[in-house]
file work00.cif (mmCIF, N, CA and C atoms)
data_protein
#
loop_
_atom_site.group_PDB
_atom_site.id
_atom_site.type_symbol
_atom_site.label_atom_id
_atom_site.label_comp_id
_atom_site.auth_asym_id
_atom_site.auth_seq_id
_atom_site.Cartn_x
_atom_site.Cartn_y
_atom_site.Cartn_z
ATOM 1 N N MET A 1 315.195 144.267 217.610
ATOM 2 C CA MET A 1 314.257 144.519 216.525
ATOM 3 C C MET A 1 314.179 146.037 216.284
ATOM 4 N N THR A 2 314.148 146.424 215.070
ATOM 5 C CA THR A 2 314.170 147.832 214.692
ATOM 6 C C THR A 2 313.002 148.608 215.298
ATOM 7 N N LEU A 3 311.796 148.055 215.249
ATOM 8 C CA LEU A 3 310.638 148.769 215.796
ATOM 9 C C LEU A 3 310.769 148.972 217.298
ATOM 10 N N GLU A 4 311.320 147.986 217.986
ATOM 11 C CA GLU A 4 311.500 148.131 219.432
ATOM 12 C C GLU A 4 312.515 149.233 219.743
ATOM 13 N N ARG A 5 313.589 149.296 218.981
ATOM 14 C CA ARG A 5 314.585 150.361 219.178
ATOM 15 C C ARG A 5 313.972 151.726 218.874
ATOM 16 N N LEU A 6 313.194 151.796 217.818
ATOM 17 C CA LEU A 6 312.542 153.049 217.461
ATOM 18 C C LEU A 6 311.562 153.477 218.554
ATOM 19 N N ALA A 7 310.777 152.538 219.060
ATOM 20 C CA ALA A 7 309.825 152.850 220.138
ATOM 21 C C ALA A 7 310.566 153.355 221.376
ATOM 22 N N ALA A 8 311.710 152.758 221.687
ATOM 23 C CA ALA A 8 312.503 153.196 222.842
ATOM 24 C C ALA A 8 313.046 154.602 222.624
ATOM 25 N N THR A 9 313.489 154.899 221.420
ATOM 26 C CA THR A 9 313.988 156.243 221.107
ATOM 27 C C THR A 9 312.869 157.264 221.245
ATOM 28 N N ILE A 10 311.697 156.927 220.738
ATOM 29 C CA ILE A 10 310.545 157.829 220.838
ATOM 30 C C ILE A 10 310.199 158.069 222.310
ATOM 31 N N ALA A 11 310.173 157.022 223.111
ATOM 32 C CA ALA A 11 309.880 157.162 224.541
ATOM 33 C C ALA A 11 310.916 158.064 225.221
ATOM 34 N N ALA A 12 312.166 157.915 224.837
ATOM 35 C CA ALA A 12 313.232 158.723 225.436
ATOM 36 C C ALA A 12 313.096 160.199 225.075
ATOM 37 N N ARG A 13 312.497 160.484 223.949
ATOM 38 C CA ARG A 13 312.348 161.870 223.501
ATOM 39 C C ARG A 13 311.093 162.530 224.064
ATOM 40 N N LYS A 14 310.306 161.771 224.794
ATOM 41 C CA LYS A 14 309.026 162.274 225.281
ATOM 42 C C LYS A 14 309.165 163.550 226.104
ATOM 43 N N GLY A 15 310.182 163.644 226.919
ATOM 44 C CA GLY A 15 310.342 164.836 227.742
ATOM 45 C C GLY A 15 311.406 165.789 227.232
ATOM 46 N N ALA A 16 311.904 165.540 226.033
ATOM 47 C CA ALA A 16 313.002 166.351 225.486
ATOM 48 C C ALA A 16 312.505 167.724 225.032
ATOM 49 N N ASP A 17 313.440 168.602 224.828
ATOM 50 C CA ASP A 17 313.156 169.951 224.330
ATOM 51 C C ASP A 17 312.618 169.849 222.902
ATOM 52 N N PRO A 18 311.423 170.387 222.657
ATOM 53 C CA PRO A 18 310.835 170.318 221.308
ATOM 54 C C PRO A 18 311.704 170.928 220.212
ATOM 55 N N ASP A 19 312.605 171.828 220.588
ATOM 56 C CA ASP A 19 313.502 172.420 219.586
ATOM 57 C C ASP A 19 314.662 171.499 219.235
ATOM 58 N N SER A 20 314.800 170.403 219.996
ATOM 59 C CA SER A 20 315.945 169.512 219.787
ATOM 60 C C SER A 20 315.617 168.297 218.929
ATOM 61 N N SER A 21 314.320 168.032 218.711
ATOM 62 C CA SER A 21 313.961 166.803 218.002
ATOM 63 C C SER A 21 312.554 166.900 217.429
ATOM 64 N N TRP A 22 312.392 166.353 216.233
ATOM 65 C CA TRP A 22 311.076 166.297 215.587
ATOM 66 C C TRP A 22 310.112 165.486 216.435
ATOM 67 N N THR A 23 310.578 164.383 216.983
ATOM 68 C CA THR A 23 309.730 163.535 217.824
ATOM 69 C C THR A 23 309.256 164.307 219.048
ATOM 70 N N ALA A 24 310.164 164.989 219.716
ATOM 71 C CA ALA A 24 309.793 165.782 220.893
ATOM 72 C C ALA A 24 308.799 166.875 220.521
ATOM 73 N N LYS A 25 309.002 167.473 219.351
ATOM 74 C CA LYS A 25 308.085 168.526 218.890
ATOM 75 C C LYS A 25 306.686 167.958 218.660
ATOM 76 N N LEU A 26 306.599 166.811 218.004
ATOM 77 C CA LEU A 26 305.291 166.178 217.788
ATOM 78 C C LEU A 26 304.615 165.851 219.109
ATOM 79 N N LEU A 27 305.346 165.223 220.005
ATOM 80 C CA LEU A 27 304.776 164.820 221.288
ATOM 81 C C LEU A 27 304.333 166.026 222.108
ATOM 82 N N ALA A 28 305.080 167.120 222.030
ATOM 83 C CA ALA A 28 304.723 168.329 222.764
ATOM 84 C C ALA A 28 303.424 168.947 222.245
ATOM 85 N N ARG A 29 303.093 168.660 221.005
ATOM 86 C CA ARG A 29 301.866 169.216 220.413
ATOM 87 C C ARG A 29 300.625 168.440 220.823
ATOM 88 N N GLY A 30 300.830 167.309 221.492
ATOM 89 C CA GLY A 30 299.704 166.575 222.055
ATOM 90 C C GLY A 30 299.247 165.392 221.220
ATOM 91 N N PRO A 31 298.472 164.507 221.862
ATOM 92 C CA PRO A 31 298.017 163.281 221.195
ATOM 93 C C PRO A 31 297.175 163.536 219.952
ATOM 94 N N GLU A 32 296.386 164.590 219.977
ATOM 95 C CA GLU A 32 295.523 164.864 218.822
ATOM 96 C C GLU A 32 296.352 165.190 217.585
ATOM 97 N N LYS A 33 297.404 166.003 217.759
ATOM 98 C CA LYS A 33 298.267 166.349 216.626
ATOM 99 C C LYS A 33 299.033 165.115 216.147
ATOM 100 N N CYS A 34 299.456 164.268 217.094
ATOM 101 C CA CYS A 34 300.149 163.028 216.716
ATOM 102 C C CYS A 34 299.219 162.139 215.895
ATOM 103 N N ALA A 35 297.958 162.067 216.296
ATOM 104 C CA ALA A 35 296.979 161.261 215.558
ATOM 105 C C ALA A 35 296.733 161.851 214.171
ATOM 106 N N GLU A 36 296.644 163.158 214.097
ATOM 107 C CA GLU A 36 296.445 163.823 212.806
ATOM 108 C C GLU A 36 297.612 163.534 211.861
ATOM 109 N N LYS A 37 298.824 163.622 212.390
ATOM 110 C CA LYS A 37 300.011 163.377 211.562
ATOM 111 C C LYS A 37 300.051 161.923 211.093
ATOM 112 N N PHE A 38 299.688 160.991 211.977
ATOM 113 C CA PHE A 38 299.606 159.581 211.591
ATOM 114 C C PHE A 38 298.611 159.414 210.440
ATOM 115 N N GLY A 39 297.470 160.047 210.550
ATOM 116 C CA GLY A 39 296.459 159.959 209.492
ATOM 117 C C GLY A 39 296.965 160.488 208.167
ATOM 118 N N GLU A 40 297.672 161.610 208.205
ATOM 119 C CA GLU A 40 298.240 162.183 206.976
ATOM 120 C C GLU A 40 299.203 161.197 206.322
ATOM 121 N N GLU A 41 300.058 160.595 207.141
ATOM 122 C CA GLU A 41 301.039 159.648 206.605
ATOM 123 C C GLU A 41 300.356 158.393 206.056
ATOM 124 N N ALA A 42 299.297 157.950 206.716
ATOM 125 C CA ALA A 42 298.561 156.779 206.234
ATOM 126 C C ALA A 42 297.948 157.062 204.864
ATOM 127 N N VAL A 43 297.393 158.245 204.693
ATOM 128 C CA VAL A 43 296.814 158.618 203.400
ATOM 129 C C VAL A 43 297.893 158.650 202.321
ATOM 130 N N GLU A 44 299.062 159.189 202.662
ATOM 131 C CA GLU A 44 300.161 159.222 201.689
ATOM 132 C C GLU A 44 300.575 157.803 201.290
ATOM 133 N N ALA A 45 300.590 156.887 202.243
ATOM 134 C CA ALA A 45 300.925 155.490 201.928
ATOM 135 C C ALA A 45 299.857 154.873 201.032
ATOM 136 N N ILE A 46 298.611 155.171 201.292
ATOM 137 C CA ILE A 46 297.512 154.657 200.461
ATOM 138 C C ILE A 46 297.667 155.148 199.026
ATOM 139 N N ILE A 47 297.971 156.418 198.870
ATOM 140 C CA ILE A 47 298.144 156.987 197.529
ATOM 141 C C ILE A 47 299.254 156.267 196.780
ATOM 142 N N GLU A 48 300.378 156.028 197.444
ATOM 143 C CA GLU A 48 301.491 155.339 196.784
ATOM 144 C C GLU A 48 301.146 153.887 196.481
ATOM 145 N N ALA A 49 300.359 153.255 197.332
ATOM 146 C CA ALA A 49 299.933 151.873 197.072
ATOM 147 C C ALA A 49 299.060 151.813 195.823
ATOM 148 N N VAL A 50 298.171 152.779 195.684
ATOM 149 C CA VAL A 50 297.285 152.825 194.519
ATOM 150 C C VAL A 50 298.082 153.114 193.247
ATOM 151 N N LYS A 51 299.062 154.004 193.362
ATOM 152 C CA LYS A 51 299.882 154.351 192.200
ATOM 153 C C LYS A 51 300.816 153.211 191.799
ATOM 154 N N GLY A 52 301.140 152.349 192.747
ATOM 155 C CA GLY A 52 301.990 151.211 192.429
ATOM 156 C C GLY A 52 303.481 151.502 192.464
ATOM 157 N N ASP A 53 303.872 152.608 193.093
ATOM 158 C CA ASP A 53 305.289 152.961 193.194
ATOM 159 C C ASP A 53 305.869 152.292 194.437
ATOM 160 N N ARG A 54 306.557 151.177 194.236
ATOM 161 C CA ARG A 54 307.070 150.372 195.364
ATOM 162 C C ARG A 54 308.034 151.145 196.249
ATOM 163 N N ALA A 55 308.931 151.900 195.650
ATOM 164 C CA ALA A 55 309.918 152.643 196.434
ATOM 165 C C ALA A 55 309.240 153.710 197.289
ATOM 166 N N ARG A 56 308.315 154.443 196.698
ATOM 167 C CA ARG A 56 307.593 155.484 197.453
ATOM 168 C C ARG A 56 306.705 154.848 198.519
ATOM 169 N N LEU A 57 306.078 153.721 198.200
ATOM 170 C CA LEU A 57 305.249 153.031 199.196
ATOM 171 C C LEU A 57 306.109 152.580 200.376
ATOM 172 N N THR A 58 307.283 152.051 200.081
ATOM 173 C CA THR A 58 308.188 151.620 201.147
ATOM 174 C C THR A 58 308.540 152.792 202.053
ATOM 175 N N SER A 59 308.866 153.918 201.463
ATOM 176 C CA SER A 59 309.211 155.111 202.227
ATOM 177 C C SER A 59 308.027 155.602 203.067
ATOM 178 N N GLU A 60 306.867 155.645 202.459
ATOM 179 C CA GLU A 60 305.672 156.106 203.178
ATOM 180 C C GLU A 60 305.269 155.111 204.272
ATOM 181 N N ALA A 61 305.458 153.831 204.027
ATOM 182 C CA ALA A 61 305.145 152.824 205.045
ATOM 183 C C ALA A 61 306.042 153.013 206.269
ATOM 184 N N ALA A 62 307.315 153.350 206.039
ATOM 185 C CA ALA A 62 308.219 153.636 207.160
ATOM 186 C C ALA A 62 307.726 154.853 207.938
ATOM 187 N N ASP A 63 307.255 155.869 207.231
ATOM 188 C CA ASP A 63 306.691 157.048 207.897
ATOM 189 C C ASP A 63 305.465 156.676 208.722
ATOM 190 N N VAL A 64 304.621 155.812 208.173
ATOM 191 C CA VAL A 64 303.413 155.369 208.886
ATOM 192 C C VAL A 64 303.795 154.664 210.183
ATOM 193 N N LEU A 65 304.759 153.751 210.115
ATOM 194 C CA LEU A 65 305.160 153.022 211.318
ATOM 195 C C LEU A 65 305.728 153.976 212.370
ATOM 196 N N TYR A 66 306.579 154.894 211.946
ATOM 197 C CA TYR A 66 307.139 155.878 212.873
ATOM 198 C C TYR A 66 306.023 156.688 213.536
ATOM 199 N N HIS A 67 305.118 157.240 212.735
ATOM 200 C CA HIS A 67 304.065 158.086 213.289
ATOM 201 C C HIS A 67 303.058 157.287 214.115
ATOM 202 N N LEU A 68 302.869 156.008 213.804
ATOM 203 C CA LEU A 68 302.042 155.153 214.654
ATOM 204 C C LEU A 68 302.676 155.039 216.041
ATOM 205 N N LEU A 69 303.980 154.796 216.082
ATOM 206 C CA LEU A 69 304.674 154.679 217.365
ATOM 207 C C LEU A 69 304.627 155.995 218.143
ATOM 208 N N VAL A 70 304.734 157.120 217.458
ATOM 209 C CA VAL A 70 304.632 158.416 218.130
ATOM 210 C C VAL A 70 303.220 158.588 218.700
ATOM 211 N N MET A 71 302.206 158.253 217.922
ATOM 212 C CA MET A 71 300.828 158.372 218.386
ATOM 213 C C MET A 71 300.590 157.483 219.608
ATOM 214 N N LEU A 72 301.093 156.255 219.564
ATOM 215 C CA LEU A 72 300.957 155.357 220.710
ATOM 216 C C LEU A 72 301.647 155.945 221.939
ATOM 217 N N ALA A 73 302.859 156.468 221.758
ATOM 218 C CA ALA A 73 303.601 157.055 222.877
ATOM 219 C C ALA A 73 302.853 158.250 223.467
ATOM 220 N N ALA A 74 302.200 159.014 222.621
ATOM 221 C CA ALA A 74 301.452 160.179 223.086
ATOM 222 C C ALA A 74 300.312 159.777 224.014
ATOM 223 N N ARG A 75 299.825 158.563 223.861
ATOM 224 C CA ARG A 75 298.741 158.049 224.707
ATOM 225 C C ARG A 75 299.234 156.980 225.677
ATOM 226 N N ASP A 76 300.560 156.895 225.845
ATOM 227 C CA ASP A 76 301.172 155.947 226.790
ATOM 228 C C ASP A 76 300.795 154.490 226.517
ATOM 229 N N VAL A 77 300.713 154.147 225.248
ATOM 230 C CA VAL A 77 300.499 152.755 224.849
ATOM 231 C C VAL A 77 301.838 152.232 224.343
ATOM 232 N N ALA A 78 302.355 151.215 225.006
ATOM 233 C CA ALA A 78 303.660 150.668 224.649
ATOM 234 C C ALA A 78 303.551 149.718 223.460
ATOM 235 N N LEU A 79 304.607 149.683 222.670
ATOM 236 C CA LEU A 79 304.663 148.744 221.545
ATOM 237 C C LEU A 79 304.438 147.320 222.034
ATOM 238 N N ASP A 80 304.986 146.992 223.203
ATOM 239 C CA ASP A 80 304.808 145.644 223.757
ATOM 240 C C ASP A 80 303.335 145.288 223.938
ATOM 241 N N GLU A 81 302.511 146.280 224.286
ATOM 242 C CA GLU A 81 301.075 146.031 224.448
ATOM 243 C C GLU A 81 300.431 145.680 223.111
ATOM 244 N N VAL A 82 300.844 146.385 222.071
ATOM 245 C CA VAL A 82 300.307 146.122 220.734
ATOM 246 C C VAL A 82 300.769 144.744 220.250
ATOM 247 N N LEU A 83 302.038 144.442 220.485
ATOM 248 C CA LEU A 83 302.566 143.133 220.080
ATOM 249 C C LEU A 83 301.869 142.003 220.838
ATOM 250 N N ALA A 84 301.579 142.226 222.118
ATOM 251 C CA ALA A 84 300.863 141.218 222.906
ATOM 252 C C ALA A 84 299.457 140.997 222.352
ATOM 253 N N GLU A 85 298.833 142.068 221.913
ATOM 254 C CA GLU A 85 297.499 141.932 221.320
ATOM 255 C C GLU A 85 297.568 141.145 220.015
ATOM 256 N N LEU A 86 298.592 141.406 219.212
ATOM 257 C CA LEU A 86 298.763 140.641 217.975
ATOM 258 C C LEU A 86 299.009 139.161 218.281
ATOM 259 N N GLU A 87 299.821 138.889 219.300
ATOM 260 C CA GLU A 87 300.066 137.504 219.697
ATOM 261 C C GLU A 87 298.784 136.834 220.165
ATOM 262 N N ARG A 88 297.958 137.579 220.906
ATOM 263 C CA ARG A 88 296.680 137.028 221.383
ATOM 264 C C ARG A 88 295.798 136.624 220.202
ATOM 265 N N ARG A 89 295.861 137.413 219.156
ATOM 266 C CA ARG A 89 295.020 137.156 217.978
ATOM 267 C C ARG A 89 295.602 136.093 217.050
ATOM 268 N N GLU A 90 296.882 135.785 217.205
ATOM 269 C CA GLU A 90 297.549 134.852 216.304
ATOM 270 C C GLU A 90 296.831 133.511 216.308
ATOM 271 N N GLY A 91 296.618 132.983 215.123
ATOM 272 C CA GLY A 91 295.962 131.695 214.989
ATOM 273 C C GLY A 91 294.445 131.786 214.972
ATOM 274 N N THR A 92 293.930 133.011 215.110
ATOM 275 C CA THR A 92 292.488 133.220 215.057
ATOM 276 C C THR A 92 292.144 133.811 213.699
ATOM 277 N N SER A 93 291.148 133.269 213.082
ATOM 278 C CA SER A 93 290.702 133.810 211.810
ATOM 279 C C SER A 93 290.306 135.271 211.983
ATOM 280 N N GLY A 94 290.659 136.090 211.018
ATOM 281 C CA GLY A 94 290.261 137.491 211.049
ATOM 282 C C GLY A 94 288.762 137.645 211.111
ATOM 283 N N LEU A 95 288.053 136.765 210.439
ATOM 284 C CA LEU A 95 286.580 136.831 210.471
ATOM 285 C C LEU A 95 286.061 136.484 211.860
ATOM 286 N N ALA A 96 286.647 135.475 212.485
ATOM 287 C CA ALA A 96 286.236 135.085 213.841
ATOM 288 C C ALA A 96 286.574 136.181 214.838
ATOM 289 N N GLU A 97 287.738 136.776 214.683
ATOM 290 C CA GLU A 97 288.171 137.827 215.608
ATOM 291 C C GLU A 97 287.233 139.022 215.518
ATOM 292 N N LYS A 98 286.879 139.428 214.303
ATOM 293 C CA LYS A 98 285.961 140.548 214.129
ATOM 294 C C LYS A 98 284.583 140.242 214.707
ATOM 295 N N ALA A 99 284.137 139.004 214.590
ATOM 296 C CA ALA A 99 282.833 138.613 215.125
ATOM 297 C C ALA A 99 282.805 138.689 216.648
ATOM 298 N N GLN A 100 283.955 138.550 217.292
ATOM 299 C CA GLN A 100 284.030 138.594 218.748
ATOM 300 C C GLN A 100 283.940 140.022 219.288
ATOM 301 N N ARG A 101 284.129 141.009 218.445
ATOM 302 C CA ARG A 101 284.108 142.412 218.916
ATOM 303 C C ARG A 101 282.704 142.898 219.135
#
call {"tool": "encode", "arguments": {"input": "work00.cif", "output": "structure tokens"}}
result
Amino acid sequence: MTLERLAATIAARKGADPDSSWTAKLLARGPEKCAEKFGEEAVEAIIEAVKGDRARLTSEAADVLYHLLVMLAARDVALDEVLAELERREGTSGLAEKAQR
């Protein structure tokens, strides 16, 4: 799966030289900067969704997924953990799930 390969690449870059990779540079700047960058990309995706530009939304959505994985890696949260949480919620109404929180 593409997301799993991407998550593995991001994990592999965690200790790399920040001058050798954008991912390593982001991770070296710390979890807070990774979270900030994720937020910026999410806002850009929202803007494209509102504008209705499918191609730009697709591109921004890819950026959001990448930066989400970087943010998770910065806090040592594995993609598998997120997928397991989604599986746990599968078949549960969103309204019921929110009420349980």
call {"tool": "closest_residue", "arguments": {"input": "work00.cif", "among": "A:Glu60, A:Asp17, A:Glu4, A:Glu32", "to": "Arg75 (chain A)", "atoms": "only C-alpha atoms"}}
result
A:Glu32
call {"tool": "select_by_dssp", "arguments": {"input": "work00.cif", "residues": "region 2-90 of chain A", "states": "helix (DSSP H, G or I)", "output": "PyMOL selection string"}}
result
chain A and resi 2-12+22-28+31-51+54-74+79-89
call {"tool": "resolve_selection", "arguments": {"input": "work00.cif", "expression": "the PyMOL selection byres (((chain A and resi 77-86 and name CA) around 12) and name CA)", "output": "ChimeraX atom specification"}}
result
/A:1-11,31,65-66,68-76,87-92,94,97
call {"tool": "atom_distance", "arguments": {"input": "work00.cif", "atom1": "atom C of Ala12 (chain A)", "atom2": "atom N of Arg29 (chain A)"}}
result
13.7 Å
call {"tool": "atom_distance", "arguments": {"input": "work00.cif", "atom1": "CA of Ala61 (chain A)", "atom2": "CA of Ala96 (chain A)"}}
result
27.4 Å
call {"tool": "atom_distance", "arguments": {"input": "work00.cif", "atom1": "atom C of Glu41 (chain A)", "atom2": "atom N of Val64 (chain A)"}}
result
5.4 Å
